[in-house]
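Chemist: Following this line is final16.pdb, made up of PDB, C-alpha atoms:
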```
ATOM      1  CA  MET A 838     -13.660  47.959  61.216
ATOM      2  CA  ILE A 839     -14.856  47.850  64.822
ATOM      3  CA  GLY A 840     -17.643  45.552  63.622
ATOM      4  CA  PHE A 841     -15.144  43.033  62.231
ATOM      5  CA  ILE A 842     -13.233  43.072  65.525
ATOM      6  CA  ILE A 843     -16.447  42.429  67.497
ATOM      7  CA  VAL A 844     -17.469  39.554  65.233
ATOM      8  CA  GLY A 845     -13.951  38.116  65.537
ATOM      9  CA  PHE A 846     -14.215  38.407  69.313
ATOM     10  CA  PHE A 847     -17.410  36.331  69.474
ATOM     11  CA  SER A 848     -16.058  33.782  67.010
ATOM     12  CA  GLY A 849     -12.959  33.461  69.191
ATOM     13  CA  ILE A 850     -15.061  32.741  72.256
ATOM     14  CA  ILE A 851     -17.034  30.114  70.370
ATOM     15  CA  SER A 852     -13.913  28.450  68.967
ATOM     16  CA  GLY A 853     -12.828  27.904  72.542
ATOM     17  CA  MET A 854     -16.099  26.088  73.182
ATOM     18  CA  GLY A 855     -15.390  23.654  70.372
ATOM     19  CA  ILE A 856     -18.365  24.670  68.252
ATOM     20  CA  GLY A 857     -16.125  26.085  65.548
ATOM     21  CA  GLY A 858     -15.827  29.837  65.134
ATOM     22  CA  GLY A 859     -16.558  29.679  61.416
ATOM     23  CA  THR A 860     -20.155  28.767  62.029
ATOM     24  CA  ILE A 861     -20.558  32.264  63.543
ATOM     25  CA  LEU A 862     -17.971  34.236  61.579
ATOM     26  CA  ILE A 863     -19.176  33.320  58.086
ATOM     27  CA  PRO A 864     -22.915  34.012  58.586
ATOM     28  CA  ALA A 865     -22.132  37.211  60.529
ATOM     29  CA  ILE A 866     -19.983  38.840  57.857
ATOM     30  CA  THR A 867     -22.220  37.753  54.976
ATOM     31  CA  ILE A 868     -25.469  38.848  56.647
ATOM     32  CA  LEU A 869     -24.228  42.065  58.310
ATOM     33  CA  TRP A 870     -21.958  43.424  55.587
ATOM     34  CA  GLY A 871     -22.993  41.536  52.482
ATOM     35  CA  VAL A 872     -19.559  39.933  52.068
ATOM     36  CA  ASP A 873     -19.566  37.394  49.223
ATOM     37  CA  GLN A 874     -19.987  33.811  50.459
ATOM     38  CA  LYS A 875     -16.691  32.573  48.993
ATOM     39  CA  VAL A 876     -14.752  35.588  50.276
ATOM     40  CA  ALA A 877     -16.247  34.901  53.725
ATOM     41  CA  GLN A 878     -15.227  31.242  53.512
ATOM     42  CA  ILE A 879     -11.594  31.931  52.579
ATOM     43  CA  THR A 880     -11.515  34.564  55.348
ATOM     44  CA  ASN A 881     -12.466  31.889  57.848
ATOM     45  CA  LEU A 882      -9.959  29.390  56.433
ATOM     46  CA  ILE A 883      -7.085  31.882  56.754
ATOM     47  CA  TYR A 884      -8.260  33.199  60.143
ATOM     48  CA  PHE A 885      -8.149  29.641  61.449
ATOM     49  CA  ILE A 886      -4.509  28.926  60.481
ATOM     50  CA  PRO A 887      -2.553  31.037  63.032
ATOM     51  CA  THR A 888      -4.985  30.382  65.907
ATOM     52  CA  ALA A 889      -4.977  26.652  65.273
ATOM     53  CA  SER A 890      -1.191  26.556  64.950
ATOM     54  CA  ILE A 891      -0.739  28.067  68.398
ATOM     55  CA  ALA A 892      -3.315  25.702  69.915
ATOM     56  CA  LEU A 893      -1.647  22.766  68.168
ATOM     57  CA  ILE A 894       1.780  23.521  69.670
ATOM     58  CA  LEU A 895       0.204  23.549  73.149
ATOM     59  CA  HIS A 896      -1.594  20.263  72.501
ATOM     60  CA  ILE A 897       1.576  18.599  71.216
ATOM     61  CA  LYS A 898       3.395  19.698  74.377
ATOM     62  CA  ASN A 899       0.577  18.274  76.509
ATOM     63  CA  LYS A 900       0.657  15.055  74.470
ATOM     64  CA  SER A 901      -3.105  15.146  73.991
ATOM     65  CA  ILE A 902      -3.017  14.219  70.306
ATOM     66  CA  GLU A 903      -3.860  10.688  69.174
ATOM     67  CA  LYS A 904      -1.082  10.223  66.640
ATOM     68  CA  ASN A 905      -2.106   6.735  65.517
ATOM     69  CA  ILE A 906      -5.358   7.942  63.972
ATOM     70  CA  LEU A 907      -4.041  11.089  62.303
ATOM     71  CA  ILE A 908      -2.243  10.022  59.136
ATOM     72  CA  ARG A 909      -5.048   8.058  57.523
ATOM     73  CA  ILE A 910      -7.726  10.623  58.416
ATOM     74  CA  ILE A 911      -5.587  13.472  57.066
ATOM     75  CA  LEU A 912      -4.679  11.656  53.828
ATOM     76  CA  PHE A 913      -8.300  10.827  53.066
ATOM     77  CA  GLY A 914      -9.202  14.285  54.321
ATOM     78  CA  PHE A 915      -7.026  15.755  51.555
ATOM     79  CA  ILE A 916      -9.102  13.897  48.957
ATOM     80  CA  GLY A 917     -12.309  15.257  50.487
ATOM     81  CA  ALA A 918     -10.827  18.754  50.757
ATOM     82  CA  ILE A 919      -9.815  18.814  47.082
ATOM     83  CA  VAL A 920     -13.284  17.705  45.938
ATOM     84  CA  GLY A 921     -15.112  20.015  48.367
ATOM     85  CA  SER A 922     -12.980  23.073  47.590
ATOM     86  CA  PHE A 923     -13.225  22.736  43.817
ATOM     87  CA  LEU A 924     -16.968  22.189  44.138
ATOM     88  CA  ALA A 925     -17.218  25.395  46.197
ATOM     89  CA  LEU A 926     -15.362  27.302  43.464
ATOM     90  CA  LYS A 927     -17.659  25.856  40.788
ATOM     91  CA  LEU A 928     -20.871  26.775  42.589
ATOM     92  CA  ASP A 929     -22.425  30.205  42.320
ATOM     93  CA  SER A 930     -21.951  32.161  45.584
ATOM     94  CA  ALA A 931     -25.719  32.561  46.048
ATOM     95  CA  VAL A 932     -26.213  28.790  45.769
ATOM     96  CA  LEU A 933     -23.263  28.020  48.041
ATOM     97  CA  ARG A 934     -24.748  30.413  50.599
ATOM     98  CA  LYS A 935     -27.980  28.405  50.670
ATOM     99  CA  PHE A 936     -26.082  25.112  51.074
ATOM    100  CA  PHE A 937     -24.099  26.692  53.892
ATOM    101  CA  GLY A 938     -27.389  27.776  55.469
ATOM    102  CA  GLY A 939     -28.663  24.192  55.341
ATOM    103  CA  PHE A 940     -25.479  22.901  56.966
ATOM    104  CA  LEU A 941     -25.718  25.617  59.628
ATOM    105  CA  LEU A 942     -29.345  24.749  60.351
ATOM    106  CA  VAL A 943     -28.444  21.126  61.089
ATOM    107  CA  MET A 944     -25.497  22.195  63.277
ATOM    108  CA  GLY A 945     -27.683  24.698  65.166
ATOM    109  CA  ILE A 946     -30.336  22.093  65.911
ATOM    110  CA  ILE A 947     -27.665  19.667  67.168
ATOM    111  CA  GLU A 948     -26.236  22.395  69.441
ATOM    112  CA  CYS A 949     -29.645  23.125  70.928
ATOM    113  CA  PHE A 950     -30.200  19.513  71.868
ATOM    114  CA  LYS A 951     -26.755  18.829  73.327
ATOM    115  CA  LYS A 952     -27.073  17.378  76.790
ATOM    116  CA  GLU A 953     -24.070  19.129  78.268
TER
ATOM    117  CA  MET B 692      -8.575  -3.738  61.865
ATOM    118  CA  LYS B 693      -9.875  -3.443  58.329
ATOM    119  CA  LYS B 694     -13.111  -1.977  59.610
ATOM    120  CA  TYR B 695     -11.201   0.451  61.821
ATOM    121  CA  ASN B 696      -9.210   1.707  58.825
ATOM    122  CA  LEU B 697     -12.386   2.065  56.792
ATOM    123  CA  LYS B 698     -13.910   4.206  59.534
ATOM    124  CA  LYS B 699     -10.850   6.450  59.601
ATOM    125  CA  SER B 700     -10.898   6.821  55.808
ATOM    126  CA  LEU B 701     -14.583   7.745  55.738
ATOM    127  CA  ILE B 702     -14.234  10.229  58.592
ATOM    128  CA  GLY B 703     -11.348  11.837  56.689
ATOM    129  CA  ILE B 704     -13.234  12.142  53.416
ATOM    130  CA  VAL B 705     -16.422  13.582  54.955
ATOM    131  CA  THR B 706     -14.498  16.037  57.156
ATOM    132  CA  GLY B 707     -12.275  17.238  54.314
ATOM    133  CA  PHE B 708     -15.240  17.573  51.967
ATOM    134  CA  ALA B 709     -17.391  19.645  54.346
ATOM    135  CA  ASN B 710     -14.455  21.786  55.448
ATOM    136  CA  GLY B 711     -13.520  22.414  51.819
ATOM    137  CA  LEU B 712     -17.050  23.077  50.595
ATOM    138  CA  PHE B 713     -18.041  25.401  53.441
ATOM    139  CA  GLY B 714     -14.663  26.760  54.524
ATOM    140  CA  ALA B 715     -15.729  25.813  58.051
ATOM    141  CA  GLY B 716     -17.300  23.082  60.112
ATOM    142  CA  GLY B 717     -14.660  20.367  59.786
ATOM    143  CA  GLY B 718     -14.166  20.335  63.537
ATOM    144  CA  THR B 719     -17.886  20.114  64.166
ATOM    145  CA  ILE B 720     -17.871  16.838  62.249
ATOM    146  CA  VAL B 721     -14.551  15.274  63.183
ATOM    147  CA  VAL B 722     -14.779  15.766  66.968
ATOM    148  CA  PRO B 723     -17.985  13.759  67.536
ATOM    149  CA  ALA B 724     -16.965  11.276  64.817
ATOM    150  CA  ILE B 725     -13.655  10.260  66.395
ATOM    151  CA  GLU B 726     -15.267  10.204  69.851
ATOM    152  CA  LYS B 727     -18.054   7.945  68.733
ATOM    153  CA  PHE B 728     -16.445   5.695  66.131
ATOM    154  CA  LEU B 729     -12.811   5.584  67.250
ATOM    155  CA  ASP B 730     -13.357   5.875  71.024
ATOM    156  CA  VAL B 731     -11.143   8.911  71.467
ATOM    157  CA  GLU B 732     -11.652  10.665  74.809
ATOM    158  CA  THR B 733     -13.249  14.173  74.592
ATOM    159  CA  HIS B 734     -10.239  16.355  75.408
ATOM    160  CA  ASN B 735      -7.953  14.398  73.085
ATOM    161  CA  ALA B 736     -10.645  14.499  70.407
ATOM    162  CA  HIS B 737     -10.607  18.316  70.413
ATOM    163  CA  ALA B 738      -6.806  18.401  70.336
ATOM    164  CA  SER B 739      -6.550  15.802  67.556
ATOM    165  CA  ALA B 740      -9.259  17.593  65.556
ATOM    166  CA  ILE B 741      -7.040  20.677  65.300
ATOM    167  CA  ALA B 742      -4.145  18.538  64.042
ATOM    168  CA  ILE B 743      -6.511  17.133  61.389
ATOM    169  CA  ILE B 744      -8.278  20.342  60.294
ATOM    170  CA  LEU B 745      -5.146  22.508  60.086
ATOM    171  CA  PRO B 746      -3.538  20.766  57.071
ATOM    172  CA  LEU B 747      -6.968  20.397  55.397
ATOM    173  CA  SER B 748      -7.686  24.122  55.795
ATOM    174  CA  ILE B 749      -4.250  25.047  54.420
ATOM    175  CA  LEU B 750      -4.887  22.919  51.333
ATOM    176  CA  SER B 751      -8.373  24.412  50.872
ATOM    177  CA  THR B 752      -6.953  27.937  51.262
ATOM    178  CA  PHE B 753      -4.569  27.335  48.357
ATOM    179  CA  ILE B 754      -7.358  25.967  46.162
ATOM    180  CA  TYR B 755      -9.731  28.853  47.031
ATOM    181  CA  GLY B 756      -6.908  31.348  46.531
ATOM    182  CA  ARG B 757      -6.777  30.553  42.791
ATOM    183  CA  ASP B 758     -10.212  32.114  42.280
ATOM    184  CA  VAL B 759     -11.376  34.012  45.348
ATOM    185  CA  THR B 760     -10.306  37.506  46.447
ATOM    186  CA  ILE B 761      -8.572  37.632  49.805
ATOM    187  CA  ASP B 762      -9.553  40.662  51.913
ATOM    188  CA  TRP B 763      -6.483  40.937  54.169
ATOM    189  CA  LYS B 764      -7.766  44.004  56.006
ATOM    190  CA  MET B 765     -10.904  42.184  57.108
ATOM    191  CA  ILE B 766      -8.874  39.092  58.050
ATOM    192  CA  ILE B 767      -6.552  41.148  60.273
ATOM    193  CA  TYR B 768      -9.430  42.886  62.094
ATOM    194  CA  VAL B 769     -11.315  39.645  62.593
ATOM    195  CA  SER B 770      -8.138  37.962  63.870
ATOM    196  CA  ILE B 771      -7.466  40.705  66.422
ATOM    197  CA  GLY B 772     -10.964  40.223  67.828
ATOM    198  CA  GLY B 773     -10.546  36.460  67.587
ATOM    199  CA  MET B 774      -7.387  36.375  69.693
ATOM    200  CA  VAL B 775      -8.976  38.481  72.449
ATOM    201  CA  GLY B 776     -12.155  36.388  72.272
ATOM    202  CA  GLY B 777     -10.195  33.152  72.455
ATOM    203  CA  TYR B 778      -8.384  34.391  75.554
ATOM    204  CA  VAL B 779     -11.550  35.675  77.240
ATOM    205  CA  GLY B 780     -13.377  32.462  76.406
ATOM    206  CA  ALA B 781     -10.634  30.248  77.797
ATOM    207  CA  ARG B 782     -10.295  32.359  80.946
ATOM    208  CA  PHE B 783     -13.854  33.161  81.997
ATOM    209  CA  LEU B 784     -16.260  30.892  80.197
ATOM    210  CA  LYS B 785     -16.104  27.946  82.555
ATOM    211  CA  LYS B 786     -18.108  29.952  85.090
ATOM    212  CA  ILE B 787     -21.199  30.067  82.893
ATOM    213  CA  SER B 788     -23.382  27.001  82.363
ATOM    214  CA  SER B 789     -22.179  25.500  79.130
ATOM    215  CA  LYS B 790     -25.530  23.893  78.436
ATOM    216  CA  TRP B 791     -27.167  27.305  78.100
ATOM    217  CA  LEU B 792     -24.301  28.730  76.080
ATOM    218  CA  HIS B 793     -24.687  25.900  73.587
ATOM    219  CA  ARG B 794     -28.424  26.598  73.379
ATOM    220  CA  ILE B 795     -27.942  30.330  72.894
ATOM    221  CA  PHE B 796     -25.390  29.847  70.138
ATOM    222  CA  GLY B 797     -27.476  27.054  68.649
ATOM    223  CA  ALA B 798     -30.411  29.478  68.437
ATOM    224  CA  PHE B 799     -28.174  32.094  66.790
ATOM    225  CA  MET B 800     -27.038  29.518  64.245
ATOM    226  CA  ILE B 801     -30.624  28.543  63.411
ATOM    227  CA  ILE B 802     -31.688  32.183  62.921
ATOM    228  CA  ALA B 803     -28.644  32.878  60.741
ATOM    229  CA  ALA B 804     -29.285  29.683  58.776
ATOM    230  CA  VAL B 805     -32.868  30.668  57.994
ATOM    231  CA  ARG B 806     -31.717  34.118  56.838
ATOM    232  CA  MET B 807     -29.154  32.549  54.543
ATOM    233  CA  ILE B 808     -31.537  30.032  53.022
ATOM    234  CA  ILE B 809     -34.449  32.414  52.359
TER
END
```
Represent the structure from my file as structure tokens, please.
Modeler:
Amino acid sequence: MIGFIIVGFFSGIISGMGIGGGTILIPAITILWGVDQKVAQITNLIYFIPTASIALILHIKNKSIEKNILIRIILFGFIGAIVGSFLALKLDSAVLRKFFGGFLLVMGIIECFKKE
Amino acid sequence: MKKYNLKKSLIGIVTGFANGLFGAGGGTIVVPAIEKFLDVETHNAHASAIAIILPLSILSTFIYGRDVTIDWKMIIYVSIGGMVGGYVGARFLKKISSKWLHRIFGAFMIIAAVRMII
């Protein structure tokens, strides 16, 4: 229990940095506690919803959202999300875990070489 | 204009796909993409990314939920830590060099990635 809170704490810090907390949360709970890859992924999806909603309200108040780009990106995003999510369900968790690892590797390398 | 719409469509599809497949990482793609291809300024890019990823994550949650067990206890514990972490990060993190933080977390990600692949 305390372990989950600590992992959540670090993911929260990272989310604030704009790296995306899921890139820490998902590997941490699968590696440390052997949580199934898909269970870890839905955990991150749900964990994101309340936090993002609060942040979104603040951003709307501050008028920092570019409304003119949103609708098209979101609509096409739905198509991508449907394909990606069903593909995730189809794949075996062990295979999905390796794909996730590949994605994480690329993201980690990009982070290391960021100028700022 | 046509080209601009095409860029937006492609960014949407790739972001939604990755976020759906991995249950994470949509923001990591959409933030640099709208900065680079749509000339959105950095702060607004982060804010707009949340407005984009939120509906996509909700949709993916419903699709995952058909098949995957939801461990509410774990989600609640992780969220408690997450809220405190988010607050601490927002409040104190600006004092530390962000270049080194990115490198440290980048190194963590690479180590975790290797463990997941092997």
Chemist: Using all atoms listed in the file for the distances, tell me which of A:Ile919, A:Ile894, A:Ser852, A:Leu941 is nearest to B:Met800.
Modeler: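 Using all atoms listed in the file, the shortest distance to B:Met800 belongs to A:Leu941.
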Chemist: If the PyMOL selection byres ((chain B) within 6 of (chain A)) were run on this exact file, what residues would it hold? Put them as a PyMOL selection string.
Modeler: chain B and resi 699-700+703-704+707-708+711-712+714-715+735+738-739+743+748+751+766+768-769+772-773+776-777+780+790+793-794+797+800-801+804+807-808
Chemist: What gap, in Å, lies between atom CA of B:Ile720 and atom CA of B:Thr706?
Modeler: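 A separation of 6.2 Å between them.
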Chemist: Within 10 Å of (-12.4, 2.4, 60.5), in the coordinates the file gives, what residues turn up when you count all atoms listed in the file, written out as a ChimeraX atom specification?
Modeler: /A:906,909-910 /B:692-702,725,728-729
Chemist: Residues within 7 Å of B:Ala736, please, as a ChimeraX atom specification. Count only C-alpha atoms; anything in the same chain fewer than 5 positions from it doesn't count.
Modeler: /B:722,725-726,731
Chemist: What's the separation between atom CA of B:Asp762 and atom CA of B:Val775, in Å to one decimal place?
Modeler: 20.7 Å
